[in-house]
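Enquirer: Sharing a structure, written as structure tokens. Questions coming.
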Amino acid sequence: MFLEQASFNTQTWTVSELTGYIRELFEIDYRLQDLVISGELSNFTRARSGHLYFTLKDEGAQLKCVMWRTAADRLGFWPDDGDAVLAHGRISVYEAGGVYQLYAEKLEQAGRGDLALAFERLKEALDAQGLFDASYKKEIPSMPAKIGIVTSADAAALHDIINVLRRRWPLVSVLVAPTLVQGQDAPSQIVRAIEWLDGRNDIDTIIVARGGGSLEDLWAFNDESVVRTIFGAQHPVIVGVGHETDFTIADFVADLRAPTPSVAAELSVPDQQEYRSNLLGLQERMLAQIAVIVNDKRNLLEGLGRSLRHLSPRSALDNNRQQVDWLLRRLDLAIGKQIEARKARLSVAQAALGAVSPLATLSRGYAIVRHQDGVIVRSIGDVSAGDKIGVQVADGQFSADVIEE
């Protein structure tokens, strides 16, 4: 038997070097850089960073996949385990884990490829035209007086919206523009309903809404005429179509996207409970401030009252009144003393006068003789026979005739 000695490569590879080499082999194969792979989703998770990690499998094999957040945010649906999908992306090696995997850039639900492709084409075209730019988004009024609603008249979504509005802000009024929200005729009716509400001057906000459904059920809100009508509306438009995981192109062009019709209603009006709480808080603070002000003013008033009483002329007037009473009493006493003294002096004078008074003499039996003219007769020679004379005695006077000298 002929044995050939094998030749061995003497180069030693590290794990990192080998893995890096294998990654390069994957990346230089152009056929692995633009793939569409069909399979069933499993082990689907969303990391806190927003990146998606999942496995594609069929009956014979499995392929690990990752989708970065930037691509995940553009998904038109929310994937779940068991979904049959088409994954667009490239194959490479995750060196730290030593595994090859698909770096997915797009996901489409299998069986809906045509609609999904149409969705993506229109979405990309409108995005390129700038219809999704944030600069075009109008501000939603914080306290609307009237809201226009575009939805089906008998839909549960309408009842949900009205119930939310009634609970959160009963002051708002509602104007419903009923329309089909599904089927071939729905787009034109939705356009007419939006244009009718947008042409009014008493509308503050427009809500475009419908409940959840399949991609086909929601397709009216991917119609270009509907999307452009929402974009061109003068009034701000809130779109609440489907469930939280449902996306339509109308969501991207709306001034505000709501995950459900009920949330659209919540976002369109303030919460009266918050205002009540704020008003109650303001009332409490106002009453407390008023109490402080009143107390300060009361203290100021009392201080001014004390100052006024201290400076008031009434105190001096009261003192002067009391002084006057005291002086009057002193005056009365002084006058009384003067009168008594005068009386005493008068009595003394009267006694002295009485001692020399002719009346006293008369009381002792003497008399005063006067001529008729009142001249006192002092001598016998002062009278002649036949003169009329008056005689005054102690208890009176009488007349007499001089008979002889």
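Chain lettering (A, B, ...) mirrors the order of the structure tokens, residue numbering begins at 1 for each chain separately, and ligand numbering begins at 1 in order of display.
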I'd like the contact shell of segment 85-99 of chain A - 8 Å cut-off, only C-alpha atoms, skipping same-chain residues fewer than 3 positions apart - returned as a list in words.
Expert: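 Final neighbour list, sorted by chain and number: Ser16, Thr19, Gly20, Ile22, Arg23, Phe26, Glu27, Leu32, Gln33, Asp34, Leu35, Val36, Ile37, Ser38, Gly39, Glu40, Leu41, Leu102, Tyr103, Ala104, Glu105, Lys106, Leu107, Glu108, Gln109 and Ala110 of chain A.
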Enquirer: Select from segment 26-154 of chain A everything DSSP, run on the backbone, classes as strand (DSSP E), then give the selection as a PyMOL selection string.
Expert: chain A and resi 35-46+52-57+62-67+84-94+99-109+146-151
Enquirer: With distances taken over only C-alpha atoms, which residue among A:Ala128, A:Leu122, A:Ala265, A:Ala258 lies nearest Ile162 of chain A?
Expert: A:Ala265
Enquirer: Applying 9 Å and only C-alpha atoms, which residues near Phe44 of chain A remain after dropping the ones on its own chain fewer than 3 positions away? List them as a VMD selection string.
Expert: chain A and resid 41 52 to 55 79 to 81
Enquirer: Tell me, in Å to one decimal, how far atom CA of Gly76 of chain A is from atom CA of Leu117 of chain A.
Expert: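 Result for atom CA of Gly76 of chain A versus atom CA of Leu117 of chain A: 10.8 Å, one decimal.
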Enquirer: Which residues are near His51 of chain A? Cut-off 10 Å, only C-alpha atoms, ignore same chain within fewer than 4 positions. Put them as a list in words.
Expert: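 Close residues of His51 of chain A: Thr45, Arg46, Ala47, Val66, Met67, Trp68, Arg69, Thr70, Ala71, Ala72 and Asp73 of chain A.
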Enquirer: What lies within 10 Å of segment 363-374 of chain A using only C-alpha atoms, ignoring chain neighbours under 6 positions off, as a PyMOL selection string?
Expert: chain A and resi 382-383+387-400
Enquirer: Let's have the selection written as a PDB file, in the first residue's frame, with N, CA and C atoms.
Expert:
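File part.pdb, as written:
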```
ATOM      1  N   ASP A 382     -85.070 176.324 113.707  1.00  0.00           N
ATOM      2  CA  ASP A 382     -85.259 175.890 112.327  1.00  0.00           C
ATOM      3  C   ASP A 382     -86.733 175.773 111.970  1.00  0.00           C
ATOM      4  N   VAL A 383     -87.650 176.029 113.017  1.00  0.00           N
ATOM      5  CA  VAL A 383     -89.082 175.904 112.749  1.00  0.00           C
ATOM      6  C   VAL A 383     -89.796 177.143 113.216  1.00  0.00           C
ATOM      7  N   ASP A 387     -95.519 175.674 110.861  1.00  0.00           N
ATOM      8  CA  ASP A 387     -94.807 174.821 109.886  1.00  0.00           C
ATOM      9  C   ASP A 387     -95.326 173.374 109.939  1.00  0.00           C
ATOM     10  N   LYS A 388     -95.308 172.765 108.792  1.00  0.00           N
ATOM     11  CA  LYS A 388     -95.656 171.345 108.700  1.00  0.00           C
ATOM     12  C   LYS A 388     -94.341 170.568 108.808  1.00  0.00           C
ATOM     13  N   ILE A 389     -94.320 169.601 109.711  1.00  0.00           N
ATOM     14  CA  ILE A 389     -93.096 168.843 109.895  1.00  0.00           C
ATOM     15  C   ILE A 389     -93.437 167.354 109.869  1.00  0.00           C
ATOM     16  N   GLY A 390     -92.405 166.552 109.606  1.00  0.00           N
ATOM     17  CA  GLY A 390     -92.574 165.105 109.645  1.00  0.00           C
ATOM     18  C   GLY A 390     -91.729 164.539 110.770  1.00  0.00           C
ATOM     19  N   VAL A 391     -92.284 163.613 111.469  1.00  0.00           N
ATOM     20  CA  VAL A 391     -91.592 163.026 112.621  1.00  0.00           C
ATOM     21  C   VAL A 391     -91.378 161.519 112.327  1.00  0.00           C
ATOM     22  N   GLN A 392     -90.128 161.128 112.414  1.00  0.00           N
ATOM     23  CA  GLN A 392     -89.793 159.706 112.173  1.00  0.00           C
ATOM     24  C   GLN A 392     -89.401 159.077 113.483  1.00  0.00           C
ATOM     25  N   VAL A 393     -90.082 158.008 113.822  1.00  0.00           N
ATOM     26  CA  VAL A 393     -89.774 157.269 115.048  1.00  0.00           C
ATOM     27  C   VAL A 393     -89.260 155.883 114.639  1.00  0.00           C
ATOM     28  N   ALA A 394     -89.045 155.003 115.589  1.00  0.00           N
ATOM     29  CA  ALA A 394     -88.402 153.710 115.298  1.00  0.00           C
ATOM     30  C   ALA A 394     -89.264 152.847 114.400  1.00  0.00           C
ATOM     31  N   ASP A 395     -90.577 152.893 114.558  1.00  0.00           N
ATOM     32  CA  ASP A 395     -91.415 151.980 113.801  1.00  0.00           C
ATOM     33  C   ASP A 395     -92.238 152.693 112.736  1.00  0.00           C
ATOM     34  N   GLY A 396     -91.890 153.950 112.393  1.00  0.00           N
ATOM     35  CA  GLY A 396     -92.602 154.625 111.327  1.00  0.00           C
ATOM     36  C   GLY A 396     -92.450 156.122 111.419  1.00  0.00           C
ATOM     37  N   GLN A 397     -93.352 156.852 110.748  1.00  0.00           N
ATOM     38  CA  GLN A 397     -93.294 158.312 110.785  1.00  0.00           C
ATOM     39  C   GLN A 397     -94.716 158.848 110.672  1.00  0.00           C
ATOM     40  N   PHE A 398     -94.794 160.149 111.143  1.00  0.00           N
ATOM     41  CA  PHE A 398     -96.126 160.792 111.065  1.00  0.00           C
ATOM     42  C   PHE A 398     -95.860 162.272 110.859  1.00  0.00           C
ATOM     43  N   SER A 399     -96.959 163.074 110.568  1.00  0.00           N
ATOM     44  CA  SER A 399     -96.883 164.526 110.354  1.00  0.00           C
ATOM     45  C   SER A 399     -97.410 165.279 111.574  1.00  0.00           C
ATOM     46  N   ALA A 400     -96.861 166.481 111.683  1.00  0.00           N
ATOM     47  CA  ALA A 400     -97.310 167.326 112.835  1.00  0.00           C
ATOM     48  C   ALA A 400     -97.241 168.784 112.402  1.00  0.00           C
TER      49      ALA A 400
END
```
Enquirer: Find the residues around Glu404 of chain A up to 9 Å (only C-alpha atoms counted), leave out those fewer than 3 positions away in its own chain, and share them as number ranges by chain.
Expert: A: 384-386
Enquirer: Near Ser214 of chain A, within 12 Å and counting only C-alpha atoms, which residues show up once chain neighbours fewer than 5 positions away are dropped, as a VMD selection string?
Expert: chain A and resid 76 to 77 109 112 115 182 219 to 220 241 to 243 245 to 248
Enquirer: Go ahead and save the residues from that selection, with C-alpha atoms, as a JSON list (two decimals), in the first residue's frame.
Expert:
```
[["chain", "number", "residue", "atom", "x", "y", "z"],
["A", 76, "GLY", "CA", -46.21, 48.52, 9.08],
["A", 77, "PHE", "CA", -47.33, 45.77, 11.47],
["A", 109, "GLN", "CA", -46.40, 39.33, 6.20],
["A", 112, "ARG", "CA", -49.86, 39.96, 1.61],
["A", 115, "LEU", "CA", -50.30, 45.03, -0.56],
["A", 182, "GLN", "CA", -63.67, 49.86, 4.41],
["A", 219, "TRP", "CA", -56.37, 49.73, 3.25],
["A", 220, "ALA", "CA", -58.61, 52.76, 2.69],
["A", 241, "VAL", "CA", -56.99, 53.71, 13.05],
["A", 242, "GLY", "CA", -56.84, 50.09, 14.17],
["A", 243, "HIS", "CA", -55.06, 48.73, 17.20],
["A", 245, "THR", "CA", -49.77, 47.43, 16.37],
["A", 246, "ASP", "CA", -51.61, 48.56, 13.21],
["A", 247, "PHE", "CA", -50.00, 51.20, 11.02],
["A", 248, "THR", "CA", -51.36, 53.00, 7.98]]
```
Enquirer: May I ask for the distance between atom CA of Glu244 of chain A and atom CA of Thr260 of chain A, given in Å to one decimal place?
Expert: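 Straight-line distance from atom CA of Glu244 of chain A to atom CA of Thr260 of chain A works out to 6.1 Å.
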Enquirer: Hey, can you check how far atom CA of Arg329 of chain A sits from atom CA of Ala341 of chain A?
Expert: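 The value is 18.0 Å.
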Enquirer: When DSSP works through the backbone of this structure, what residues of segment 10-138 of chain A end up as helix (DSSP H, G or I), shown as number ranges by chain?
Expert: A: 15-28, 30-32, 69-72, 113-128, 134-136
Enquirer: Here is a test: counting only C-alpha atoms, which residue of A:Gln184, A:Gln272, A:Gly354, A:Gly130 is nearest to Pro170 of chain A?
Expert: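 Ranked by minimum distance to Pro170 of chain A, first place goes to A:Gln272.
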Enquirer: Point out the residue among A:Val164, A:Val208, A:Leu333, A:Leu256 with the least atom-to-atom distance to Ala177 of chain A, counting only C-alpha atoms.
Expert: A:Val208
Enquirer: Restricting the calculation to only C-alpha atoms, which member of A:Ser347, A:Pro261, A:Ala209, A:Glu224 is positioned closest to Ala125 of chain A?
Expert: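 That would be A:Glu224, the residue with the smallest distance to Ala125 of chain A.
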